[in-house]
Structures are given as structure tokens and as C-alpha cells.
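> One structure, pasted below without further comment.
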Amino acid sequence: MLPCGPVLSFIRCLVRKKNVSGESLEDSKLCRCLSTLDLIALGVGSTLGAGVYVLAGEVAKSDSGPSIVVSFLIAALASVMAGLCYAEFGARVPKTGSAYLYTYVTVGELWAFITGWNLILSYVIGTSSVARAWSGTFDELLGKQIGHFFGTYFKMNYSGLAEYPDFFAVFLILLLSGLLSFGVKESAWVNKIFTAINILVLLFVMISGFVKGDVDNWKISEEYLVNLTAVTKNSSFYENVTSIYGSGGFMPYGFTGTLAGAATCFYAFVGFDCIATTGEEVKNPQKAIPIGIVVSLLVCFMAYFGVSAALTLMMPYYLLDEKSPLPVAFEYVGWGPAKYVVAVGSLCALSTSLLGSIFPMPRVIYAMAKDGLLFKCLAQINSKTKTPLVATLSSGAVAAIMAFLFDLKALVDMMSIGTLLAYSLVATCVLILRYQPNLNYEQPKYSPEKSAWAASERESAVSESQINMIQENNFSLQALIYPSSLPTEQTATTVNFLVSLLAFLVCGLSVLTTYGINFIANLEPWSVGLLAVLVTSFIVTILLIQRQPQNQQKVAFMVPLLPFLPSFSILVNIYLMVQLSGDTWIRFSFWMVLGFLIYFAYGIRHSLEGHRSDGDDDSCSENSGLQEKNPVEEVDEPENANESDQFLAHERTSEC
């Protein structure tokens, strides 16, 4: 084969896919000691922290008001749809790496790096914001003396930065990073204990809130808020004053404010992605990961919905304390001593949330470094604890710096972009993967009988595929609407194109409904016409994807309602991304520029997949990482048996 031109070779390097067919899914350098209950506790513990004890008050006061329960519902729906997509990939490829690995084996290396880099951003910011929340709650117990001291002597008057550097949050992150370096099993036990305390405290909050709550707090009139604003601003009662607390009622800032709150509340459901990073540390991962994701999301949604409703019933939304809303709310309703119980309980919850945020961060870094996309030193595993020691300590140091300097709200919004983008890519990968013709995840041990049988099976499959390709050689509308009964390369290419078109239509719909909502409300002809075209095209594209034949391979868990559920997951995620502010996107772009510098200066040249393809005719392999191997390669495998055994010997599951 002729060598590729420089540009074509470079492009092929960007889209090369990770080949996992030669690796046993049970092999791991990490300690495989976690159970399904450990995963559920890890997901719930990492989720039920800052979302309940910090963001509920902040979002209700500034964005959603009492309709924060709707904001959590919207965020939960987006998370459940994304969670189901993660669950299927967790059953198909139970290896460390989460969305980064799923994108690598389906779409290619560049998108995989973007996904992994965004996951690192999300986990770093999650760790930083939870640490600041822990510090703020503890400060509330001490009468805000710590905040007053640092605010007086270390005040920072810069946009985007915190009011003062949080030394306590830095200490917490470094301490827990060191503890997590000692082992997974010990951390899991601590996490389960604190998660149980957390759930008990939240049940107490919900019951107390509904007992002491007042439905009138969801029905505050706009006239009352105008008078309150006049008093706050020391203005004359007769002046024309506009309420600074919205228009009152259940949605004081309108449905737009509720959606903006949902984009921020999405941060509260990031815990299930933590479960997806444990593929090489859990027993029976192909069943445990889907169960852990689904159950933890259900528990978390019920808790968020109940606590946010109780909070806004106990106290008017405009009086909520942004840093520590629950203790202040209990003091407001006359249950002063209860605020200490809640504060102590929230510290336990935030501790598990902090553990859950720090836990997946080094594992994604380890997976990327193991593949050569990040610096190789980050892939080192401690021989005694079986944990990625260097990745754990270095990522903890970065998160400590973020917590030391930056504002919580800015951190959460920036994190939402990275998380939503990762979720969108995973849903896209599910759509693409389910319509591929040949999928194979694990290379069986070699035997002449199995090899001969597999070769004959592949020969018949290839023959049938060739017949279908001959019959569908000329692309036509009839072939699009009435494709073959089995997936072929042509139907897979058709789905790839339709998924790309779907993403483009979703972006157009999101931008139009966000920035052109006033034109649509005024029934401007161009806006209504454009909206109708985009919605119709979106529906037609989904129906065309649904007509294509799916791969019939079964795994422990598969996303239901394909392609509708992943498509709407993409729609919700991208729409929530568009809701975020321009400043957040600017900060996010700086992070991506840094990532691209690392990838193009280091990762693309040190990629393990690139080195594996050095002996091939093409410099950069474009074959799917989940497709079957060439029979000729399998026949030659015994000649390289010693080399293969050496490779797998290092990959065996570690004994704890």
C-alpha cells in the first residue's frame, strides 16, 4: 500500500481508535475488591454533598426560587439519560477510563483526549468546590470567624476569584489525597459509613422541612417583593421600584431562570460518572456498574427533590444563605439546636462527596497516561497499595490550588461545560456503536479448533456482508429507508453521517431557542419558520437512524428506546451548555487550549495506539477498536505467544 500523504496521515492519527480486542476484560494492575454496594455508596456519597448543602441555597436565591425542584428534575432527567448510556458502555468495556475510554474505542483519539481532558476538569473543579463547601460549613459552626479573619487580612478583589484564599480547603484536599493513596478497600469502608450518616441527616431535613414548612413561601407576591426592595435600598415608597428578587410565585425568575438553574444543578448528579471509572477495581463489573449507576441516580434524585422542596418551604428563597443554607433555615424556623445536627451531618456528607470527587480523578489520568496521551509518569501504580499514586497526589495538588483561589459559582459553571460535553459524547458513541456491523471485546485464548471455527464463522459473515454491499452498492433513498436486515459498512457509515447531522441540528435548535426566544414569542415569521425546519429535521433524522439495522450482540445492560433516548440526551446536554454564560465559555476555552498544547506536543507522538500501528502498512490505523481482528493475524498469533504472555502477565488482576 502506498504511504499516506502528510495531511491524510495526520488526520488518520487523530481518528485512530483504541483496540481492546487483544486484552482480557478481567486483567488489571489495580486491586479488584469493590462490590456492587460499594459502587452504590460511592455514587451516592460523591453526589449527595455540595448539591444539597450548598447549591440548593445558591441556585434557589439567585436563579430559580422555589422552582429549584423543577431545576433538579430537568438536571436529573439529563443525568438519567446520560447515566443509561454510561451503564451500557460499562457493561461492554469494563475498563478504567470511563467516558474517555468509551470515546476512544468508538470515535477516535482526538475526541477521546477532549473527553478525558474535560473529565479531569470536572473532577478537579468538583473536588475544589466541595472542599470550599466543607470549609464554609465548618466556618458557619464557628460563627464565620475564619471567613472574617481571612476576609480582613487576605482579601482578593478580582473578578472570578474568591473573596479570600481558603487555606482550610487546601489542607482538606491534600489530606484526603494522601489517605486515598493508601488503598481502595479502606476508602470504600469509610465512604459507606459516612454515606449512611448522610442519608439519615437528609431524611431528618426532609421530614423537618415538611413539618415546619409553609406553602405561602411558594406564593410570595410581587407587590411584597417590591416593598421589600424599597426597604432594602432605603428608597421612598412612592418611587418606581423594581423588585430585585424576581416577580414572586413559584417561578420568580421565570422559566428561563429555572433552566439556568438546571444547568448549574447538573453539577449535583456527577457522581455516577465516578462509578464508571471503577471498571478495573470492582468484582463482576459488567453487572455491578450498570446497577450501581441506575440505583445511585434514583436515590440522589429523590434526596435532591425532597431537600430542595423542604428548604424553600421552611424559608423564603430571597433570605436563603448561599454558603450554608440548611443550618440558617433551621434557625429561621425556630429549631436552633437542629442547625448543629445538620451542620455536623453536612460535614460528613461533604467528606464523602470530597472522597468521591478525588477518587475518579487519578483513574482517568492514569488511563490517559497508560495510553500515552498524558505523561507516562502519571501511569505509575504503587506496588503495595495498587493505586495510581503519582496521579492521585498530582491531581490533588492541582485541585488544592483551584480551591485556594477561585470562586465556587465560577467553578461550578465551568465544570458543567466539561461534564455536559462528556455526556453528549458518550450518548453519541452509543448511537454509533449499536449500528456497527462487527463487535468483539475480548480475544479468546488460542486453540486450533476454536481458531478454525471462528475463521469459518467470519468467512460466512464476510460473504454475507459482501453480498449486502453489492446489493446496496449504489446509495439511494430506498436503501436509506429500507436498509438490509443486518448491519453493514454502508449502514454504519449512514448512521455516522446521520448522527453528525443530528448534532448539528441540536446545536442550531439550542442556539435558536436560547438567543431567539423573544423573536419566537413574538411570532416573527423567520424565527418560527426556522424553528419548524429544525424540529422537523431533528425528528426525521432520528426516524432515519431508527430504520437502520442494529448489531444483535447482547450485553448485561443495553440502553432502551434506541435511538430516541440517546438523541434526547444529546439535545438536553447541549441545550444546557448553551445556557451557560460567555465568561464561562472563555475560561473553558483557555483550559482546552492548554489541553491541545499537551496533546499535539506530547500525546499524539507517544500514543500507544500509534506505536502499535508502526509495523502496519498504514502509519495510523483507522479500524474500530471494538471490531474483530483479521483472521490472518489470529493464525499468526501462536508464533508470538511468548510476547503476548509477557504482555498479559503484567495485566493480571492484582491481589489485594
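Simple scheme: letters A, B, ... for chains in C-alpha cells order, numbers from 1 for residues in each chain, numbers from 1 for ligands in the order shown.
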As a PyMOL selection string, please: all residues of stretch 235-392 of chain A that backbone DSSP puts in helix (DSSP H, G or I).

chain A and resi 254-269+271-276+285-314+317-319+325-332+338-358+360-370+376-379+389-392

> Using only C-alpha atoms, I'd like a table of the residues in stretch 332-417 of chain A that come within 7 Å of stretch 146-167 of chain A; for each, show the closest atom pair and its distance in Å rounded to one decimal, ordered by chain and ascending number, as CSV.


```
residue,atom,partner,partner_atom,distance
A:Ala403,CA,A:Asp166,CA,6.7
A:Phe404,CA,A:Asp166,CA,4.9
A:Leu405,CA,A:Pro165,CA,5.5
A:Phe406,CA,A:Leu161,CA,4.3
A:Asp407,CA,A:Ala162,CA,4.2
A:Ala410,CA,A:Gly160,CA,6.3
```

> Keeping only N, CA, C and O atoms, take the residues you just selected and write them out as a JSON list (two decimals), in the first residue's frame.


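The resulting again.json:
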```json
[["chain", "number", "residue", "atom", "x", "y", "z"],
["A", 403, "ALA", "N", -9.04, 25.38, 44.64],
["A", 403, "ALA", "CA", -9.84, 25.72, 45.82],
["A", 403, "ALA", "C", -9.27, 26.93, 46.54],
["A", 403, "ALA", "O", -10.00, 27.70, 47.17],
["A", 404, "PHE", "N", -7.97, 27.10, 46.47],
["A", 404, "PHE", "CA", -7.30, 28.19, 47.16],
["A", 404, "PHE", "C", -7.67, 29.56, 46.58],
["A", 404, "PHE", "O", -7.80, 30.54, 47.31],
["A", 405, "LEU", "N", -7.92, 29.59, 45.24],
["A", 405, "LEU", "CA", -8.03, 30.88, 44.57],
["A", 405, "LEU", "C", -9.42, 31.23, 44.05],
["A", 405, "LEU", "O", -9.82, 32.39, 44.11],
["A", 406, "PHE", "N", -10.17, 30.24, 43.49],
["A", 406, "PHE", "CA", -11.31, 30.59, 42.65],
["A", 406, "PHE", "C", -12.64, 30.55, 43.38],
["A", 406, "PHE", "O", -12.81, 29.88, 44.39],
["A", 407, "ASP", "N", -13.64, 31.26, 42.79],
["A", 407, "ASP", "CA", -14.98, 31.37, 43.33],
["A", 407, "ASP", "C", -15.79, 30.11, 43.02],
["A", 407, "ASP", "O", -15.66, 29.53, 41.95],
["A", 410, "ALA", "N", -18.22, 30.30, 39.80],
["A", 410, "ALA", "CA", -17.45, 30.24, 38.56],
["A", 410, "ALA", "C", -16.93, 28.83, 38.32],
["A", 410, "ALA", "O", -16.91, 28.34, 37.19]]
```

> Between A:Ile539, A:Ala422, A:Cys13, A:Leu374, which residue has the minimum interatomic distance to A:Leu597, considering only C-alpha atoms?

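Selected residue with least distance to A:Leu597: A:Leu374.
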
> Hey, can you check how far atom CA of A:Tyr224 sits from atom CA of A:Val211?

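For atom CA of A:Tyr224 relative to atom CA of A:Val211, the distance reads 25.0 Å.
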
> Considering only C-alpha atoms, give me a table of residues in stretch 275-361 of chain A that are at most 6 Å from stretch 26-44 of chain A, with the closest atom pair and distance in Å for each, as CSV.


```
residue,atom,partner,partner_atom,distance
A:Ile275,CA,A:Leu39,CA,6.0
A:Glu280,CA,A:Ser28,CA,5.7
A:Glu281,CA,A:Arg32,CA,3.8
A:Val282,CA,A:Leu34,CA,4.3
A:Lys283,CA,A:Ser35,CA,5.8
A:Ala288,CA,A:Thr36,CA,4.9
A:Gly292,CA,A:Ile40,CA,4.7
A:Ser296,CA,A:Val44,CA,5.3
```

> Applying 10 Å and only C-alpha atoms, which residues near A:Cys429 remain after dropping the ones on its own chain fewer than 5 positions away? List them as a PyMOL selection string.

chain A and resi 85-86+89+99+102-107+423-424+434+496+499+566

> Write the selection just made, keeping all heavy atoms, as a tab-separated table (two decimals), in the first residue's frame?


```tsv
chain	number	residue	atom	x	y	z
A	85	CYS	N	-26.56	5.57	29.18
A	85	CYS	CA	-25.53	5.40	28.15
A	85	CYS	C	-24.22	4.94	28.78
A	85	CYS	O	-23.54	4.05	28.24
A	85	CYS	CB	-25.33	6.70	27.38
A	85	CYS	SG	-26.78	7.26	26.44
A	86	TYR	N	-23.86	5.52	29.90
A	86	TYR	CA	-22.67	5.08	30.63
A	86	TYR	C	-22.81	3.63	31.07
A	86	TYR	O	-21.85	2.85	31.03
A	86	TYR	CB	-22.45	5.95	31.87
A	86	TYR	CG	-21.59	7.18	31.63
A	86	TYR	CD1	-22.14	8.35	31.13
A	86	TYR	CD2	-20.24	7.16	31.93
A	86	TYR	CE1	-21.37	9.47	30.92
A	86	TYR	CE2	-19.45	8.28	31.73
A	86	TYR	CZ	-20.03	9.44	31.23
A	86	TYR	OH	-19.25	10.55	31.02
A	89	PHE	N	-22.02	1.18	28.23
A	89	PHE	CA	-20.58	1.10	27.97
A	89	PHE	C	-19.86	0.39	29.12
A	89	PHE	O	-18.88	-0.34	28.91
A	89	PHE	CB	-19.99	2.48	27.75
A	89	PHE	CG	-19.92	2.86	26.30
A	89	PHE	CD1	-20.71	3.87	25.79
A	89	PHE	CD2	-19.05	2.22	25.45
A	89	PHE	CE1	-20.65	4.22	24.46
A	89	PHE	CE2	-18.97	2.56	24.12
A	89	PHE	CZ	-19.78	3.56	23.62
A	99	ALA	N	-15.76	7.75	30.32
A	99	ALA	CA	-16.13	8.30	29.02
A	99	ALA	C	-14.93	8.44	28.09
A	99	ALA	O	-15.07	8.35	26.86
A	99	ALA	CB	-16.79	9.67	29.21
A	102	TYR	N	-14.59	5.05	26.45
A	102	TYR	CA	-15.72	4.77	25.58
A	102	TYR	C	-15.60	5.54	24.26
A	102	TYR	O	-15.93	5.03	23.19
A	102	TYR	CB	-17.03	5.13	26.28
A	102	TYR	CG	-17.20	4.53	27.66
A	102	TYR	CD1	-18.04	5.11	28.60
A	102	TYR	CD2	-16.51	3.38	28.02
A	102	TYR	CE1	-18.19	4.56	29.86
A	102	TYR	CE2	-16.65	2.82	29.28
A	102	TYR	CZ	-17.49	3.42	30.20
A	102	TYR	OH	-17.63	2.87	31.44
A	103	THR	N	-15.13	6.80	24.37
A	103	THR	CA	-14.96	7.60	23.16
A	103	THR	C	-13.79	7.10	22.33
A	103	THR	O	-13.84	7.10	21.10
A	103	THR	CB	-14.73	9.08	23.53
A	103	THR	OG1	-15.76	9.50	24.43
A	103	THR	CG2	-14.76	9.98	22.31
A	104	TYR	N	-12.74	6.63	23.00
A	104	TYR	CA	-11.53	6.17	22.31
A	104	TYR	C	-11.82	4.96	21.42
A	104	TYR	O	-11.35	4.87	20.29
A	104	TYR	CB	-10.45	5.83	23.34
A	104	TYR	CG	-9.03	5.95	22.84
A	104	TYR	CD1	-7.96	5.95	23.74
A	104	TYR	CD2	-8.72	6.05	21.48
A	104	TYR	CE1	-6.65	6.07	23.31
A	104	TYR	CE2	-7.41	6.17	21.04
A	104	TYR	CZ	-6.39	6.18	21.95
A	104	TYR	OH	-5.08	6.28	21.52
A	105	VAL	N	-12.61	4.01	21.93
A	105	VAL	CA	-12.87	2.79	21.16
A	105	VAL	C	-13.94	2.99	20.10
A	105	VAL	O	-14.13	2.13	19.24
A	105	VAL	CB	-13.28	1.63	22.08
A	105	VAL	CG1	-12.19	1.30	23.08
A	105	VAL	CG2	-14.59	1.92	22.80
A	106	THR	N	-14.66	4.12	20.14
A	106	THR	CA	-15.78	4.32	19.22
A	106	THR	C	-15.53	5.42	18.20
A	106	THR	O	-15.76	5.23	17.00
A	106	THR	CB	-17.07	4.67	20.00
A	106	THR	OG1	-17.27	3.70	21.03
A	106	THR	CG2	-18.27	4.69	19.09
A	107	VAL	N	-15.07	6.59	18.64
A	107	VAL	CA	-14.96	7.75	17.76
A	107	VAL	C	-13.53	8.01	17.33
A	107	VAL	O	-13.26	8.31	16.17
A	107	VAL	CB	-15.54	9.01	18.45
A	107	VAL	CG1	-15.46	10.21	17.52
A	107	VAL	CG2	-16.98	8.77	18.87
A	423	TYR	N	-20.93	13.88	28.57
A	423	TYR	CA	-22.18	13.13	28.49
A	423	TYR	C	-22.71	13.09	27.06
A	423	TYR	O	-23.22	12.06	26.60
A	423	TYR	CB	-23.24	13.75	29.40
A	423	TYR	CG	-22.95	13.61	30.88
A	423	TYR	CD1	-23.75	14.21	31.82
A	423	TYR	CD2	-21.86	12.86	31.33
A	423	TYR	CE1	-23.50	14.09	33.18
A	423	TYR	CE2	-21.59	12.74	32.68
A	423	TYR	CZ	-22.41	13.35	33.60
A	423	TYR	OH	-22.15	13.23	34.94
A	424	SER	N	-22.60	14.20	26.35
A	424	SER	CA	-23.06	14.25	24.96
A	424	SER	C	-22.26	13.29	24.09
A	424	SER	O	-22.83	12.59	23.23
A	424	SER	CB	-22.93	15.68	24.40
A	424	SER	OG	-23.68	16.59	25.17
A	434	ARG	N	-23.96	0.98	18.41
A	434	ARG	CA	-25.01	-0.03	18.28
A	434	ARG	C	-25.35	-0.36	16.83
A	434	ARG	O	-26.05	-1.34	16.57
A	434	ARG	CB	-26.27	0.46	19.01
A	434	ARG	CG	-26.16	0.45	20.51
A	434	ARG	CD	-26.42	-0.90	21.11
A	434	ARG	NE	-27.85	-1.20	21.08
A	434	ARG	CZ	-28.70	-0.83	22.02
A	434	ARG	NH1	-28.27	-0.18	23.09
A	434	ARG	NH2	-29.97	-1.14	21.91
A	496	ASN	N	-23.33	7.09	10.93
A	496	ASN	CA	-22.32	8.09	11.32
A	496	ASN	C	-22.67	9.46	10.77
A	496	ASN	O	-22.57	10.48	11.47
A	496	ASN	CB	-20.94	7.67	10.82
A	496	ASN	CG	-20.42	6.44	11.55
A	496	ASN	OD1	-20.93	6.06	12.58
A	496	ASN	ND2	-19.39	5.82	10.99
A	499	VAL	N	-25.85	10.82	12.59
A	499	VAL	CA	-25.54	11.27	13.95
A	499	VAL	C	-24.84	12.63	13.91
A	499	VAL	O	-25.12	13.51	14.73
A	499	VAL	CB	-24.68	10.22	14.69
A	499	VAL	CG1	-24.17	10.78	16.01
A	499	VAL	CG2	-25.49	8.96	14.94
A	566	PRO	N	-30.82	8.24	23.59
A	566	PRO	CA	-29.54	8.94	23.43
A	566	PRO	C	-29.67	10.26	22.67
A	566	PRO	O	-28.96	11.22	22.98
A	566	PRO	CB	-28.69	7.93	22.64
A	566	PRO	CG	-29.30	6.61	22.91
A	566	PRO	CD	-30.76	6.87	23.04
```

> Within 10 Å of stretch 310-317 of chain A, counting only C-alpha atoms, which residues show up once you throw out same-chain ones fewer than 5 positions away? Write them as JSON, numbers by chain, please.

{"A": [52, 56, 57, 58, 59, 60, 61, 62, 64, 65, 66, 67, 68, 69, 205, 206, 207, 208, 209, 210, 211, 212, 213, 214, 215, 216, 217, 218, 219, 220, 245, 248, 252, 304, 305, 325, 326, 328, 329, 330, 331, 332, 333]}

> Tell me, in Å to one decimal, how far atom CA of A:Thr387 is from atom CA of A:Gly279.

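Result for atom CA of A:Thr387 versus atom CA of A:Gly279: 13.6 Å, one decimal.
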
> Please provide as a ChimeraX atom specification all residues within 10 Å of A:Ser187, with the sequence filter that same-chain residues fewer than 5 positions apart are discarded (counting only C-alpha atoms).

/A:42,176,179-182,192,352,355-356,359

> Using the selection just defined, write its residues with all heavy atoms as a short mmCIF file (atom, residue, chain, number, x, y, z; two decimals), in the first residue's frame.


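Once everything was written out, this is out31.cif:
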```
data_model
loop_
_atom_site.label_atom_id
_atom_site.label_comp_id
_atom_site.auth_asym_id
_atom_site.auth_seq_id
_atom_site.Cartn_x
_atom_site.Cartn_y
_atom_site.Cartn_z
N LEU A 42 -20.51 4.67 46.70
CA LEU A 42 -19.58 5.62 46.11
C LEU A 42 -20.32 6.66 45.28
O LEU A 42 -20.04 7.87 45.37
CB LEU A 42 -18.56 4.88 45.24
CG LEU A 42 -17.46 5.71 44.59
CD1 LEU A 42 -16.56 6.34 45.65
CD2 LEU A 42 -16.63 4.85 43.64
N LEU A 176 -6.94 14.24 52.17
CA LEU A 176 -7.70 13.13 51.61
C LEU A 176 -6.98 12.50 50.42
O LEU A 176 -7.10 11.28 50.19
CB LEU A 176 -9.09 13.60 51.19
CG LEU A 176 -10.04 13.91 52.35
CD1 LEU A 176 -11.40 14.35 51.84
CD2 LEU A 176 -10.20 12.71 53.26
N LEU A 179 -4.71 10.10 52.00
CA LEU A 179 -5.41 8.93 52.52
C LEU A 179 -5.82 7.98 51.40
O LEU A 179 -5.71 6.75 51.56
CB LEU A 179 -6.65 9.38 53.30
CG LEU A 179 -6.39 10.10 54.63
CD1 LEU A 179 -7.70 10.58 55.24
CD2 LEU A 179 -5.67 9.18 55.61
N LEU A 180 -6.28 8.51 50.27
CA LEU A 180 -6.70 7.67 49.15
C LEU A 180 -5.53 6.92 48.52
O LEU A 180 -5.73 5.91 47.84
CB LEU A 180 -7.40 8.51 48.08
CG LEU A 180 -8.86 8.87 48.37
CD1 LEU A 180 -9.36 9.89 47.37
CD2 LEU A 180 -9.74 7.62 48.33
N SER A 181 -4.33 7.40 48.74
CA SER A 181 -3.16 6.73 48.19
C SER A 181 -2.86 5.42 48.91
O SER A 181 -2.09 4.60 48.41
CB SER A 181 -1.93 7.66 48.29
OG SER A 181 -2.15 8.87 47.59
N PHE A 182 -3.48 5.20 50.08
CA PHE A 182 -3.18 4.01 50.86
C PHE A 182 -3.99 2.79 50.43
O PHE A 182 -3.66 1.68 50.82
CB PHE A 182 -3.43 4.28 52.35
CG PHE A 182 -2.35 5.09 52.99
CD1 PHE A 182 -2.50 6.44 53.20
CD2 PHE A 182 -1.15 4.49 53.37
CE1 PHE A 182 -1.50 7.20 53.79
CE2 PHE A 182 -0.15 5.24 53.96
CZ PHE A 182 -0.31 6.59 54.16
N LYS A 192 -18.77 4.22 52.95
CA LYS A 192 -20.08 3.65 53.27
C LYS A 192 -20.60 4.15 54.62
O LYS A 192 -21.81 4.43 54.76
CB LYS A 192 -19.98 2.12 53.28
CG LYS A 192 -20.00 1.50 51.89
CD LYS A 192 -20.14 0.00 51.93
CE LYS A 192 -18.88 -0.68 52.38
NZ LYS A 192 -18.96 -2.15 52.22
N THR A 352 -17.74 12.62 52.27
CA THR A 352 -17.90 11.56 51.28
C THR A 352 -17.91 12.11 49.86
O THR A 352 -17.41 11.49 48.93
CB THR A 352 -19.20 10.77 51.52
OG1 THR A 352 -20.32 11.65 51.37
CG2 THR A 352 -19.22 10.18 52.91
N LEU A 355 -14.36 12.73 48.98
CA LEU A 355 -13.72 11.45 48.66
C LEU A 355 -14.13 10.97 47.27
O LEU A 355 -13.30 10.51 46.48
CB LEU A 355 -14.10 10.40 49.70
CG LEU A 355 -13.29 10.34 51.00
CD1 LEU A 355 -13.98 9.46 52.01
CD2 LEU A 355 -11.88 9.85 50.72
N GLY A 356 -15.43 11.09 46.98
CA GLY A 356 -15.93 10.66 45.68
C GLY A 356 -15.45 11.51 44.53
O GLY A 356 -15.38 11.02 43.39
N PHE A 359 -11.58 10.49 44.11
CA PHE A 359 -11.36 9.10 43.71
C PHE A 359 -11.23 8.90 42.20
O PHE A 359 -10.28 8.25 41.73
CB PHE A 359 -12.50 8.24 44.27
CG PHE A 359 -12.39 6.79 43.91
CD1 PHE A 359 -11.63 5.92 44.67
CD2 PHE A 359 -13.06 6.28 42.80
CE1 PHE A 359 -11.53 4.58 44.34
CE2 PHE A 359 -12.96 4.95 42.46
CZ PHE A 359 -12.19 4.09 43.23
#
```

> State, in Å with one decimal place, the distance from atom CA of A:Ile173 to atom CA of A:Gly45.

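Those two atoms sit 16.4 Å apart.
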
> May I have the residues within 7 Å of A:Ala260 as an MDAnalysis selection string, using only C-alpha atoms and disregarding those fewer than 3 positions away in the same chain?

chainID A and resid 63 256:257 263:264 579

> Pick out the closest residue to A:Ala75 from this set: A:Leu576, A:Leu480, A:Leu565, A:Leu298. Count only C-alpha atoms.

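Of the candidates, the smallest distance to A:Ala75 is held by A:Leu576.
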
> Looking at only C-alpha atoms, which of A:Gly183, A:Ile120, A:Arg363, A:Leu498 is the one that sits closest to A:Asn382?

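Nearest to A:Asn382: A:Gly183.
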
> Would you pick out the contacts of A:Arg92 at 9 Å or less, using only C-alpha atoms, so that residues sharing its chain but fewer than 5 positions from it are not included, and give the list as JSON, numbers by chain?

{"A": [87, 286, 441, 555, 556, 557]}

> Pick the closest to A:Ile193 from A:Trp335, A:Leu228, A:Ser128, A:Ala349: which is it, counting only C-alpha atoms?

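Ranked by minimum distance to A:Ile193, first place goes to A:Ala349.
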
> Under the rule that only C-alpha atoms are counted, which of A:Val93, A:Leu203, A:Ile114, A:Ile401 is the nearest residue to A:Ala276?

A:Val93

> Nearest to A:Ser324 among A:Gly143, A:Gly97, A:Pro290, A:Gly582, with distances taken over only C-alpha atoms: which residue is it?

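That would be A:Gly143, the residue with the smallest distance to A:Ser324.
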